[in-house]
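J.: Okay, here's the structure, questions in a sec.
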Amino acid sequence: MGCSHNCDSCQAGCGEPESLLVKPNNLSSIKKVIGVISGKGGVGKSLATSMLAVAMCRKGYHTAILDADITGPSIPKAFGVSGKLEGCEEGIFPKTSETGIDMVSINFVLDHTDDPVIYRGPIIAETVKQFWADVIWKDVDFMFVDMPPGTGDVPLTVFQSLPVDGIIVLTSPQDLVSMIVGKAVKMAKMMNIPIVGIIENYSYLVCPDCGKQIEVFGKSKLDAVAAEYGLPVLARLPLDPNLAAAVDRGDIEDVKLPEALHGAMRVLEDML
């Protein structure tokens, strides 16, 4: 009661608050942890996470993905990676894609990929912590954390337990965009997590006949929303049927990525 949050002038002697950060595996080395978050589902967080990991990998960085969407994992499908996780006394080995992207997902633990994950919140949170602490993440430049929608258990666990260097807020052009961004941004600020910027997905569709950009979901409000919350716009990504087909085939690493990602890539490089 009446705490000014200034420990230097406080006489209560309660000291600094205990850190909730979870120590990574002793053999792990991770330079930057980037969370991909949104206030709602269906905006393409897993697709954006996959594309960012692939884009930075093509730039020569060792990238990794921690699939924190425990009840709705999508990362293994996008990369065409399957099988069970293996390990040794020192820890668990992540799965590795064809181009060298390390990843961990609950689907690598299940007997069948379509088995439902019927976990309560605390167990989901502990699973995310295990993916961080028990897995041997070797020489990773960028770890992207694909989070489930909303501001519930998993985002809270990631923000408290992992040394997150920044988050990328993903959104779409619909009218709900302001509320979506607001929830994610306010949560990040409450948790003192830096915000790298905002990416708008499904911004437009390029007509295959005339090349015109068609705003399928209406006029974008991204600039106004970004200005409202003081966020840099990292990219406007198109609605691309070829990308969707590549994800369905597990070939995300083989497709041409949107040029719009270059801005986000430059910002990420500047973080190293």
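Ligands are numbered from 1 in the order shown, chains are lettered A, B, ... in the order of the structure tokens, and residues start at 1 in each chain.
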Fewer than 5 positions away in the same chain doesn't count, so skip those; otherwise give me all residues within 7 Å of Ser28 of chain A, counting only C-alpha atoms, as a PDB file with N, CA, C and O atoms, in the first residue's frame.
T.:
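Saved the output as out-v1.pdb:
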ATOM      1  N   ILE A 136      18.086 -28.130 -26.079  1.00  0.00           N
ATOM      2  CA  ILE A 136      19.422 -27.590 -26.342  1.00  0.00           C
ATOM      3  C   ILE A 136      19.353 -26.742 -27.615  1.00  0.00           C
ATOM      4  O   ILE A 136      19.335 -27.259 -28.731  1.00  0.00           O
ATOM      5  N   TRP A 137      19.306 -25.433 -27.413  1.00  0.00           N
ATOM      6  CA  TRP A 137      19.265 -24.494 -28.543  1.00  0.00           C
ATOM      7  C   TRP A 137      20.688 -23.997 -28.792  1.00  0.00           C
ATOM      8  O   TRP A 137      21.155 -23.095 -28.119  1.00  0.00           O
ATOM      9  N   LYS A 138      21.361 -24.555 -29.765  1.00  0.00           N
ATOM     10  CA  LYS A 138      22.782 -24.254 -29.971  1.00  0.00           C
ATOM     11  C   LYS A 138      22.981 -23.127 -30.980  1.00  0.00           C
ATOM     12  O   LYS A 138      22.480 -23.174 -32.099  1.00  0.00           O
TER      13      LYS A 138
END
J.: Skipping near chain neighbours, those fewer than 3 positions away, what residues fall within 12 Å of segment 212-224 of chain A using only C-alpha atoms, listed as number ranges by chain?
T.: A: 43, 169-181, 197-209, 227-240
J.: Please extract the residues of segment 86-123 of chain A with a backbone DSSP assignment of strand (DSSP E) and present them as number ranges by chain.
T.: A: 86-88, 91-93, 95-96, 102-104
J.: Identify, on the basis of only C-alpha atoms, every residue whose closest approach to Val104 of chain A does not exceed 7 Å; exclude the query and any residue fewer than 6 positions from it along the same chain; express the result as a PyMOL selection string.
T.: chain A and resi 65-67+94-95+131
J.: Identify which of the residues A:Ile167, A:Val158, A:Ala244, A:Ala64 lies closest to Ile193 of chain A, counting only C-alpha atoms when measuring atom-to-atom distances.
T.: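 Counting only C-alpha atoms, the residue closest to Ile193 of chain A is A:Ile167.
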J.: Just checking: using only C-alpha atoms, which residue out of A:Asp141, A:Asp254, A:Asp115, A:Glu269 ends up closest to Gly80 of chain A?
T.: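 With only C-alpha atoms as the atom set, the closest residue is A:Asp254.
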J.: Using only C-alpha atoms, which residues sit within 10 Å of Met56 of chain A once same-chain residues fewer than 6 positions away are excluded, as a list of chain:residue names?
T.: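 Residues meeting the cut-off are A:His62, A:Thr63, A:Ala64, A:Ile101, A:Asp141, A:Phe142, A:His262, A:Ala264, A:Met265, A:Arg266, A:Leu268, A:Glu269.
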J.: Which residues in segment 13-156 of chain A does DSSP call alpha helix (DSSP H)? List them as a PyMOL selection string.
T.: chain A and resi 45-58+75-79+121-133+153-156
J.: Using only C-alpha atoms, determine which residues lie at most 7 Å from Asp153 of chain A, disregarding the query and same-chain residues fewer than 2 positions distant; provide the list as number ranges by chain.
T.: A: 121, 125, 155-157
J.: With all heavy atoms retained, write the just-selected residues as a PDB file, in the first residue's frame.
T.:
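Saved result, out_12.pdb, follows:
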ATOM      1  N   GLY A 121      -4.503 -24.678 -18.277  1.00  0.00           N
ATOM      2  CA  GLY A 121      -3.560 -23.574 -18.410  1.00  0.00           C
ATOM      3  C   GLY A 121      -2.211 -23.785 -17.758  1.00  0.00           C
ATOM      4  O   GLY A 121      -1.169 -23.557 -18.399  1.00  0.00           O
ATOM      5  N   ALA A 125       1.460 -23.829 -19.657  1.00  0.00           N
ATOM      6  CA  ALA A 125       2.536 -22.909 -19.297  1.00  0.00           C
ATOM      7  C   ALA A 125       3.821 -23.668 -18.983  1.00  0.00           C
ATOM      8  O   ALA A 125       4.919 -23.263 -19.398  1.00  0.00           O
ATOM      9  CB  ALA A 125       2.112 -22.055 -18.098  1.00  0.00           C
ATOM     10  N   PRO A 155       1.103 -16.228 -23.431  1.00  0.00           N
ATOM     11  CA  PRO A 155       1.842 -14.964 -23.544  1.00  0.00           C
ATOM     12  C   PRO A 155       2.397 -14.489 -22.201  1.00  0.00           C
ATOM     13  O   PRO A 155       3.527 -13.996 -22.129  1.00  0.00           O
ATOM     14  CB  PRO A 155       0.796 -13.993 -24.099  1.00  0.00           C
ATOM     15  CG  PRO A 155      -0.153 -14.853 -24.840  1.00  0.00           C
ATOM     16  CD  PRO A 155      -0.230 -16.119 -24.041  1.00  0.00           C
ATOM     17  N   LEU A 156       1.607 -14.648 -21.142  1.00  0.00           N
ATOM     18  CA  LEU A 156       2.069 -14.249 -19.814  1.00  0.00           C
ATOM     19  C   LEU A 156       3.293 -15.070 -19.403  1.00  0.00           C
ATOM     20  O   LEU A 156       4.278 -14.539 -18.883  1.00  0.00           O
ATOM     21  CB  LEU A 156       0.948 -14.421 -18.792  1.00  0.00           C
ATOM     22  CG  LEU A 156       1.267 -14.004 -17.352  1.00  0.00           C
ATOM     23  CD1 LEU A 156       1.612 -12.526 -17.280  1.00  0.00           C
ATOM     24  CD2 LEU A 156       0.088 -14.326 -16.437  1.00  0.00           C
ATOM     25  N   THR A 157       3.246 -16.381 -19.648  1.00  0.00           N
ATOM     26  CA  THR A 157       4.378 -17.251 -19.319  1.00  0.00           C
ATOM     27  C   THR A 157       5.614 -16.868 -20.112  1.00  0.00           C
ATOM     28  O   THR A 157       6.726 -16.799 -19.571  1.00  0.00           O
ATOM     29  CB  THR A 157       4.013 -18.725 -19.601  1.00  0.00           C
ATOM     30  OG1 THR A 157       2.921 -19.115 -18.755  1.00  0.00           O
ATOM     31  CG2 THR A 157       5.200 -19.643 -19.345  1.00  0.00           C
TER      32      THR A 157
END
J.: Point out the residue among A:Val185, A:Val135, A:Leu162, A:Cys57 with the least atom-to-atom distance to Cys88 of chain A, counting only C-alpha atoms.
T.: A:Val135
J.: Asn242 of chain A: which residues within 10 Å, counting only C-alpha atoms, same-chain residues fewer than 6 positions away excluded, as a CSV table (one decimal) with N, CA and C atoms, in the first residue's frame?
T.:
chain,number,residue,atom,x,y,z
A,248,ASP,N,0.6,-25.8,-46.9
A,248,ASP,CA,-0.1,-27.0,-47.0
A,248,ASP,C,0.8,-28.2,-47.4
A,252,ILE,N,7.4,-24.3,-47.0
A,252,ILE,CA,7.5,-22.8,-46.8
A,252,ILE,C,9.0,-22.4,-47.1
A,255,VAL,N,9.6,-21.3,-51.1
A,255,VAL,CA,8.8,-20.3,-51.9
A,255,VAL,C,9.5,-18.9,-51.9
A,256,LYS,N,9.1,-18.1,-52.8
A,256,LYS,CA,9.6,-16.7,-52.8
A,256,LYS,C,8.8,-15.9,-51.8
J.: Please determine, counting only C-alpha atoms, which residue among A:Ile106, A:Trp132, A:Met147, A:Thr99 has the shortest atom-to-atom distance to Pro163 of chain A.
T.: A:Trp132
J.: Applying 10 Å and only C-alpha atoms, which residues near Asp251 of chain A remain after dropping the ones on its own chain fewer than 5 positions away? List them as a list in words.
T.: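 Returned residues: Lys77, Ala78, Phe79, Gly80, Val81, Glu98, Leu243, Ala244, Ala245 and Ala246 of chain A.
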J.: Select, from A:Gly83, A:Gly44, A:Gly35, A:Gly152, the residue with the minimum atom-to-atom distance to Pro194 of chain A, counting only C-alpha atoms.
T.: A:Gly35
